[in-house]
Every structure is written in structure tokens, then in C-alpha cells.
file model05.cif (mmCIF, C-alpha atoms)
data_work
loop_
_atom_site.label_atom_id
_atom_site.label_comp_id
_atom_site.auth_asym_id
_atom_site.auth_seq_id
_atom_site.Cartn_x
_atom_site.Cartn_y
_atom_site.Cartn_z
CA MET Q 1 0.00 0.00 0.00
CA SER Q 2 1.30 3.40 -0.89
CA GLU Q 3 0.05 5.38 2.13
CA ASP Q 4 -0.53 4.31 5.70
CA LEU Q 5 -3.87 4.73 7.42
CA GLN Q 6 -2.77 7.67 9.54
CA ALA Q 7 -1.60 9.58 6.45
CA LEU Q 8 -4.92 8.88 4.74
CA GLN Q 9 -6.83 10.02 7.83
CA ARG Q 10 -4.84 13.27 7.82
CA ARG Q 11 -5.60 13.81 4.12
CA LEU Q 12 -9.29 13.17 4.70
CA ALA Q 13 -9.34 15.55 7.69
CA ALA Q 14 -7.57 18.26 5.67
CA PHE Q 15 -9.98 17.74 2.77
CA ALA Q 16 -13.00 18.12 5.08
CA ALA Q 17 -11.49 21.10 6.91
CA ALA Q 18 -10.80 22.94 3.65
CA ARG Q 19 -14.49 22.64 2.81
CA ASP Q 20 -15.76 23.34 6.36
CA TRP Q 21 -17.35 19.90 6.51
CA GLN Q 22 -16.16 18.93 10.01
CA GLN Q 23 -19.44 20.22 11.45
CA TYR Q 24 -21.21 17.39 9.61
CA HIS Q 25 -18.70 14.68 10.47
CA THR Q 26 -20.31 13.53 13.70
CA PRO Q 27 -20.11 9.84 14.62
CA LYS Q 28 -23.82 9.45 13.82
CA ASN Q 29 -23.55 11.05 10.38
CA LEU Q 30 -20.35 9.19 9.52
CA ALA Q 31 -21.87 5.85 10.58
CA ALA Q 32 -24.91 6.56 8.39
CA ALA Q 33 -22.72 7.55 5.43
CA LEU Q 34 -20.62 4.43 5.90
CA SER Q 35 -23.77 2.32 5.83
CA VAL Q 36 -24.98 3.99 2.62
CA GLU Q 37 -21.65 3.47 0.88
CA ALA Q 38 -21.51 -0.18 1.98
CA ALA Q 39 -25.00 -0.63 0.54
CA GLU Q 40 -23.83 0.88 -2.76
CA LEU Q 41 -21.05 -1.73 -2.83
CA VAL Q 42 -23.58 -4.49 -2.16
CA GLU Q 43 -25.78 -3.15 -4.96
CA ILE Q 44 -23.07 -3.92 -7.53
CA PHE Q 45 -23.20 -7.61 -6.56
CA GLN Q 46 -26.93 -7.81 -5.81
CA TRP Q 47 -28.11 -10.01 -8.68
CA LEU Q 48 -24.83 -11.67 -9.65
CA THR Q 49 -24.31 -15.39 -9.27
CA PRO Q 50 -21.40 -16.46 -7.05
CA GLU Q 51 -19.40 -17.20 -10.19
CA GLU Q 52 -20.17 -13.79 -11.71
CA SER Q 53 -19.28 -12.02 -8.49
CA ALA Q 54 -15.89 -13.76 -8.39
CA LYS Q 55 -15.13 -12.35 -11.86
CA VAL Q 56 -16.43 -8.81 -11.30
CA MET Q 57 -12.97 -7.25 -11.53
CA THR Q 58 -12.50 -8.56 -15.08
CA ASP Q 59 -15.09 -6.06 -16.35
CA PRO Q 60 -13.35 -2.65 -16.39
CA GLU Q 61 -16.56 -0.67 -15.81
CA ARG Q 62 -17.66 -2.80 -12.87
CA ALA Q 63 -14.12 -2.93 -11.50
CA HIS Q 64 -14.02 0.87 -11.47
CA ARG Q 65 -17.36 1.02 -9.64
CA VAL Q 66 -16.20 -1.55 -7.07
CA GLU Q 67 -12.97 0.35 -6.46
CA ASP Q 68 -14.85 3.63 -6.05
CA GLU Q 69 -17.27 2.14 -3.53
CA VAL Q 70 -14.46 0.43 -1.61
CA ALA Q 71 -12.71 3.82 -1.45
CA ASP Q 72 -15.90 5.49 -0.20
CA VAL Q 73 -16.42 2.82 2.48
CA LEU Q 74 -12.81 3.07 3.63
CA ALA Q 75 -12.88 6.88 3.63
CA TYR Q 76 -15.97 7.02 5.83
CA LEU Q 77 -14.63 4.27 8.10
CA LEU Q 78 -11.35 6.16 8.59
CA GLN Q 79 -13.23 9.41 9.27
CA PHE Q 80 -15.48 7.59 11.75
CA CYS Q 81 -12.42 6.18 13.54
CA GLU Q 82 -10.83 9.64 13.58
CA ALA Q 83 -13.96 11.19 15.10
CA LEU Q 84 -14.04 8.63 17.92
CA GLY Q 85 -10.31 8.19 18.44
CA ILE Q 86 -10.30 4.56 17.33
CA ASP Q 87 -7.09 3.04 15.98
CA ALA Q 88 -8.55 0.90 13.20
CA LEU Q 89 -5.58 -1.46 12.94
CA THR Q 90 -5.44 -2.03 16.70
CA ALA Q 91 -9.20 -2.67 16.77
CA LEU Q 92 -8.90 -5.11 13.87
CA ALA Q 93 -5.99 -6.98 15.46
CA ALA Q 94 -7.92 -7.33 18.72
CA LYS Q 95 -11.01 -8.59 16.87
CA ILE Q 96 -8.98 -11.16 14.94
CA GLU Q 97 -7.46 -12.37 18.20
CA ARG Q 98 -10.90 -12.75 19.80
CA ASN Q 99 -12.19 -14.59 16.72
CA GLU Q 100 -9.20 -16.94 16.74
CA SER Q 101 -10.22 -17.96 20.26
CA ARG Q 102 -13.93 -18.17 19.45
CA PHE Q 103 -13.54 -20.11 16.22
CA PRO Q 104 -10.78 -22.71 16.38
CA PRO Q 105 -9.42 -24.07 13.09
CA VAL Q 106 -11.13 -27.06 11.51
CA ARG Q 107 -9.01 -30.11 12.28
CA SER Q 108 -9.86 -32.17 9.25
CA ALA Q 109 -12.74 -32.28 6.86
CA ARG Q 110 -14.89 -35.39 7.05
CA PRO Q 111 -17.08 -36.15 4.03
CA ASP Q 112 -20.03 -37.09 6.26
CA ARG Q 113 -20.07 -33.73 8.09
CA PRO Q 114 -20.41 -30.14 6.82
CA ARG Q 115 -17.34 -27.98 7.26
CA GLY Q 116 -17.31 -26.26 10.63
CA SER Q 117 -19.72 -28.69 12.31
CA GLU Q 118 -18.95 -30.08 15.75
CA GLU Q 119 -17.46 -33.57 15.94
#

call {"tool": "encode", "arguments": {"input": "model05.cif", "output": "C-alpha cells"}}
result
Amino acid sequence: MSEDLQALQRRLAAFAAARDWQQYHTPKNLAAALSVEAAELVEIFQWLTPEESAKVMTDPERAHRVEDEVADVLAYLLQFCEALGIDALTALAAKIERNESRFPPVRSARPDRPRGSEE
């Protein structure tokens, strides 16, 4: 990645400040905007089959739309984290650690049981 998250957060904050948008960047508004942008990403995949969705980046027009929506989601997430003083990478690392404890690896797949089922 070319820029780290803190540098991107600073760019986003400077962008908003130059336009006097900070007044609108409350946690509530940023969470709502993040939700809307995530929904726009979902919309791209809404009626695709699993196979079509796996190949979405091979279509230049769709790939561009996906990249734009991913950027919008990440921008709002970073602004949300900035507003609340959340270190996104620390939060993610902690969540992964909790999930590793909650969901142990599958030992071996047995043909008579669905993956992830209890033995």
C-alpha cells in the first residue's frame, strides 16, 4: 500500500477542513454515510451469481465502480475512527485475536459432516 492509514486520515481531515465539513462529520452522520456506501457496494453484486461475483474485476466498468465504492467505504470508516479516536488497525488486530479464540481451526474435513460442524 502506498500510504498508511494515519496519512490517509490526515488527508481526509484536511480535505473536510478545507471545505468546512467537520461540522457534519459527527459519529452518527459518519456511521450513516458508511452504511450507505456499503449498501452501494452491495448493490453492484446484488443479482450476480457467485461465479459472476468472483469475476467482477474482469469487467473494467464494474471494476471501477467496485474500487470507487471500496474507497468510499474506507474513507468514511477512517473518518469515523478519527472522530471517535479509534485506531482501526489495533481494533482489527484485537477482533482477529478474539475470533481466533472463538472459532478454532477445523481439524480435518470429514465427508459425512459439513465444514465447521462439531465432531

call {"tool": "closest_atom_pairs", "arguments": {"input": "model05.cif", "of": "range 45-108 of chain Q", "to": "range 21-41 of chain Q", "cutoff": "10 Å", "atoms": "only C-alpha atoms", "output": "Markdown table"}}
result
| residue | atom | partner | partner_atom | distance |
| --- | --- | --- | --- | --- |
| Q:Phe45 | CA | Q:Leu41 | CA | 7.3 |
| Q:Gln46 | CA | Q:Leu41 | CA | 9.0 |
| Q:Arg65 | CA | Q:Leu41 | CA | 8.2 |
| Q:Val66 | CA | Q:Leu41 | CA | 6.4 |
| Q:Glu67 | CA | Q:Leu41 | CA | 9.1 |
| Q:Asp68 | CA | Q:Leu41 | CA | 8.8 |
| Q:Glu69 | CA | Q:Leu41 | CA | 5.5 |
| Q:Val70 | CA | Q:Leu41 | CA | 7.0 |
| Q:Ala71 | CA | Q:Glu37 | CA | 9.2 |
| Q:Asp72 | CA | Q:Glu37 | CA | 6.2 |
| Q:Val73 | CA | Q:Glu37 | CA | 5.5 |
| Q:Leu74 | CA | Q:Leu34 | CA | 8.2 |
| Q:Ala75 | CA | Q:Leu34 | CA | 8.4 |
| Q:Tyr76 | CA | Q:Leu34 | CA | 5.3 |
| Q:Leu77 | CA | Q:Leu34 | CA | 6.4 |
| Q:Leu78 | CA | Q:Leu30 | CA | 9.5 |
| Q:Gln79 | CA | Q:Leu30 | CA | 7.1 |
| Q:Phe80 | CA | Q:Leu30 | CA | 5.6 |
| Q:Cys81 | CA | Q:Pro27 | CA | 8.6 |
| Q:Glu82 | CA | Q:Pro27 | CA | 9.3 |
| Q:Ala83 | CA | Q:Pro27 | CA | 6.3 |
| Q:Leu84 | CA | Q:Pro27 | CA | 7.0 |

call {"tool": "write_last_selection", "arguments": {"input": "model05.cif", "atoms": "C-alpha atoms", "output": "PDB file, in the coordinates of the input"}}
result
ATOM      1  CA  PHE Q  45     -23.200  -7.610  -6.560  1.00  0.00           C
ATOM      2  CA  GLN Q  46     -26.930  -7.810  -5.810  1.00  0.00           C
ATOM      3  CA  ARG Q  65     -17.360   1.020  -9.640  1.00  0.00           C
ATOM      4  CA  VAL Q  66     -16.200  -1.550  -7.070  1.00  0.00           C
ATOM      5  CA  GLU Q  67     -12.970   0.350  -6.460  1.00  0.00           C
ATOM      6  CA  ASP Q  68     -14.850   3.630  -6.050  1.00  0.00           C
ATOM      7  CA  GLU Q  69     -17.270   2.140  -3.530  1.00  0.00           C
ATOM      8  CA  VAL Q  70     -14.460   0.430  -1.610  1.00  0.00           C
ATOM      9  CA  ALA Q  71     -12.710   3.820  -1.450  1.00  0.00           C
ATOM     10  CA  ASP Q  72     -15.900   5.490  -0.200  1.00  0.00           C
ATOM     11  CA  VAL Q  73     -16.420   2.820   2.480  1.00  0.00           C
ATOM     12  CA  LEU Q  74     -12.810   3.070   3.630  1.00  0.00           C
ATOM     13  CA  ALA Q  75     -12.880   6.880   3.630  1.00  0.00           C
ATOM     14  CA  TYR Q  76     -15.970   7.020   5.830  1.00  0.00           C
ATOM     15  CA  LEU Q  77     -14.630   4.270   8.100  1.00  0.00           C
ATOM     16  CA  LEU Q  78     -11.350   6.160   8.590  1.00  0.00           C
ATOM     17  CA  GLN Q  79     -13.230   9.410   9.270  1.00  0.00           C
ATOM     18  CA  PHE Q  80     -15.480   7.590  11.750  1.00  0.00           C
ATOM     19  CA  CYS Q  81     -12.420   6.180  13.540  1.00  0.00           C
ATOM     20  CA  GLU Q  82     -10.830   9.640  13.580  1.00  0.00           C
ATOM     21  CA  ALA Q  83     -13.960  11.190  15.100  1.00  0.00           C
ATOM     22  CA  LEU Q  84     -14.040   8.630  17.920  1.00  0.00           C
TER      23      LEU Q  84
END

call {"tool": "residues_around", "arguments": {"input": "model05.cif", "residues": "range 48-51 of chain Q", "least_positions_apart": "6", "cutoff": "12 Å", "atoms": "only C-alpha atoms", "output": "compact mmCIF listing (two decimals) with C-alpha atoms, in the frame of the given file"}}
result
# COMPACT_ATOMS: atom_id res chain seq x y z
CA VAL Q 42 -23.58 -4.49 -2.16
CA MET Q 57 -12.97 -7.25 -11.53
CA ARG Q 62 -17.66 -2.80 -12.87

call {"tool": "atom_distance", "arguments": {"input": "model05.cif", "atom1": "CA of Glu3 in chain Q", "atom2": "CA of Ala93 in chain Q"}}
result
19.2 Å

call {"tool": "residues_around", "arguments": {"input": "model05.cif", "residues": "range 4-7 of chain Q", "least_positions_apart": "3", "cutoff": "9 Å", "atoms": "only C-alpha atoms", "output": "list in words"}}
result
Met1, Arg10, Arg11, Leu12, Leu78, Ala88 and Leu89 of chain Q

call {"tool": "atom_distance", "arguments": {"input": "model05.cif", "atom1": "CA of Arg98 in chain Q", "atom2": "CA of Gly85 in chain Q"}}
result
21.0 Å

call {"tool": "atom_distance", "arguments": {"input": "model05.cif", "atom1": "CA of Lys55 in chain Q", "atom2": "CA of Glu43 in chain Q"}}
result
15.7 Å

call {"tool": "axis_aligned_box", "arguments": {"input": "model05.cif", "around": "range 101-108 of chain Q", "padding_each_side": "4 Å", "output": "AutoDock Vina command-line options"}}
result
--center_x -11.5 --center_y -25.1 --center_z 14.8 --size_x 12.9 --size_y 22.2 --size_z 19.0

call {"tool": "build_atoms", "arguments": {"input": "model05.cif", "residues": "range 66-92 of chain Q", "atoms": "N, CA and C atoms", "output": "compact mmCIF listing (two decimals), in the frame of the given file"}}
result
# COMPACT_ATOMS: atom_id res chain seq x y z
N VAL Q 66 -16.55 -0.87 -8.31
CA VAL Q 66 -16.20 -1.55 -7.07
C VAL Q 66 -15.10 -0.78 -6.34
N GLU Q 67 -14.07 -0.39 -7.08
CA GLU Q 67 -12.97 0.35 -6.46
C GLU Q 67 -13.44 1.67 -5.87
N ASP Q 68 -14.31 2.37 -6.57
CA ASP Q 68 -14.85 3.63 -6.05
C ASP Q 68 -15.64 3.42 -4.76
N GLU Q 69 -16.47 2.39 -4.73
CA GLU Q 69 -17.27 2.14 -3.53
C GLU Q 69 -16.40 1.66 -2.38
N VAL Q 70 -15.40 0.85 -2.66
CA VAL Q 70 -14.46 0.43 -1.61
C VAL Q 70 -13.76 1.67 -1.04
N ALA Q 71 -13.36 2.59 -1.92
CA ALA Q 71 -12.71 3.82 -1.45
C ALA Q 71 -13.66 4.64 -0.59
N ASP Q 72 -14.92 4.74 -0.99
CA ASP Q 72 -15.90 5.49 -0.20
C ASP Q 72 -16.11 4.85 1.17
N VAL Q 73 -16.24 3.53 1.21
CA VAL Q 73 -16.42 2.82 2.48
C VAL Q 73 -15.21 3.06 3.38
N LEU Q 74 -14.02 2.90 2.83
CA LEU Q 74 -12.81 3.07 3.63
C LEU Q 74 -12.67 4.52 4.11
N ALA Q 75 -12.98 5.47 3.25
CA ALA Q 75 -12.88 6.88 3.63
C ALA Q 75 -13.81 7.19 4.81
N TYR Q 76 -15.05 6.75 4.73
CA TYR Q 76 -15.97 7.02 5.83
C TYR Q 76 -15.57 6.24 7.09
N LEU Q 77 -15.07 5.03 6.94
CA LEU Q 77 -14.63 4.27 8.10
C LEU Q 77 -13.46 4.98 8.79
N LEU Q 78 -12.49 5.46 8.00
CA LEU Q 78 -11.35 6.16 8.59
C LEU Q 78 -11.79 7.46 9.26
N GLN Q 79 -12.73 8.18 8.65
CA GLN Q 79 -13.23 9.41 9.27
C GLN Q 79 -14.00 9.11 10.56
N PHE Q 80 -14.75 8.02 10.55
CA PHE Q 80 -15.48 7.59 11.75
C PHE Q 80 -14.49 7.27 12.87
N CYS Q 81 -13.45 6.52 12.54
CA CYS Q 81 -12.42 6.18 13.54
C CYS Q 81 -11.74 7.43 14.07
N GLU Q 82 -11.45 8.37 13.17
CA GLU Q 82 -10.83 9.64 13.58
C GLU Q 82 -11.73 10.39 14.55
N ALA Q 83 -13.01 10.44 14.26
CA ALA Q 83 -13.96 11.19 15.10
C ALA Q 83 -14.06 10.60 16.51
N LEU Q 84 -13.89 9.29 16.61
CA LEU Q 84 -14.04 8.63 17.92
C LEU Q 84 -12.71 8.24 18.56
N GLY Q 85 -11.61 8.53 17.89
CA GLY Q 85 -10.31 8.19 18.44
C GLY Q 85 -10.02 6.70 18.45
N ILE Q 86 -10.52 6.00 17.45
CA ILE Q 86 -10.30 4.56 17.33
C ILE Q 86 -9.11 4.31 16.41
N ASP Q 87 -8.18 3.49 16.85
CA ASP Q 87 -7.09 3.04 15.98
C ASP Q 87 -7.61 1.81 15.24
N ALA Q 88 -7.90 1.97 13.97
CA ALA Q 88 -8.55 0.90 13.20
C ALA Q 88 -7.72 -0.38 13.17
N LEU Q 89 -6.42 -0.26 13.00
CA LEU Q 89 -5.58 -1.46 12.94
C LEU Q 89 -5.50 -2.17 14.28
N THR Q 90 -5.44 -1.42 15.37
CA THR Q 90 -5.44 -2.03 16.70
C THR Q 90 -6.77 -2.72 16.96
N ALA Q 91 -7.87 -2.07 16.59
CA ALA Q 91 -9.20 -2.67 16.77
C ALA Q 91 -9.33 -3.94 15.95
N LEU Q 92 -8.83 -3.92 14.73
CA LEU Q 92 -8.90 -5.11 13.87
C LEU Q 92 -8.06 -6.24 14.44
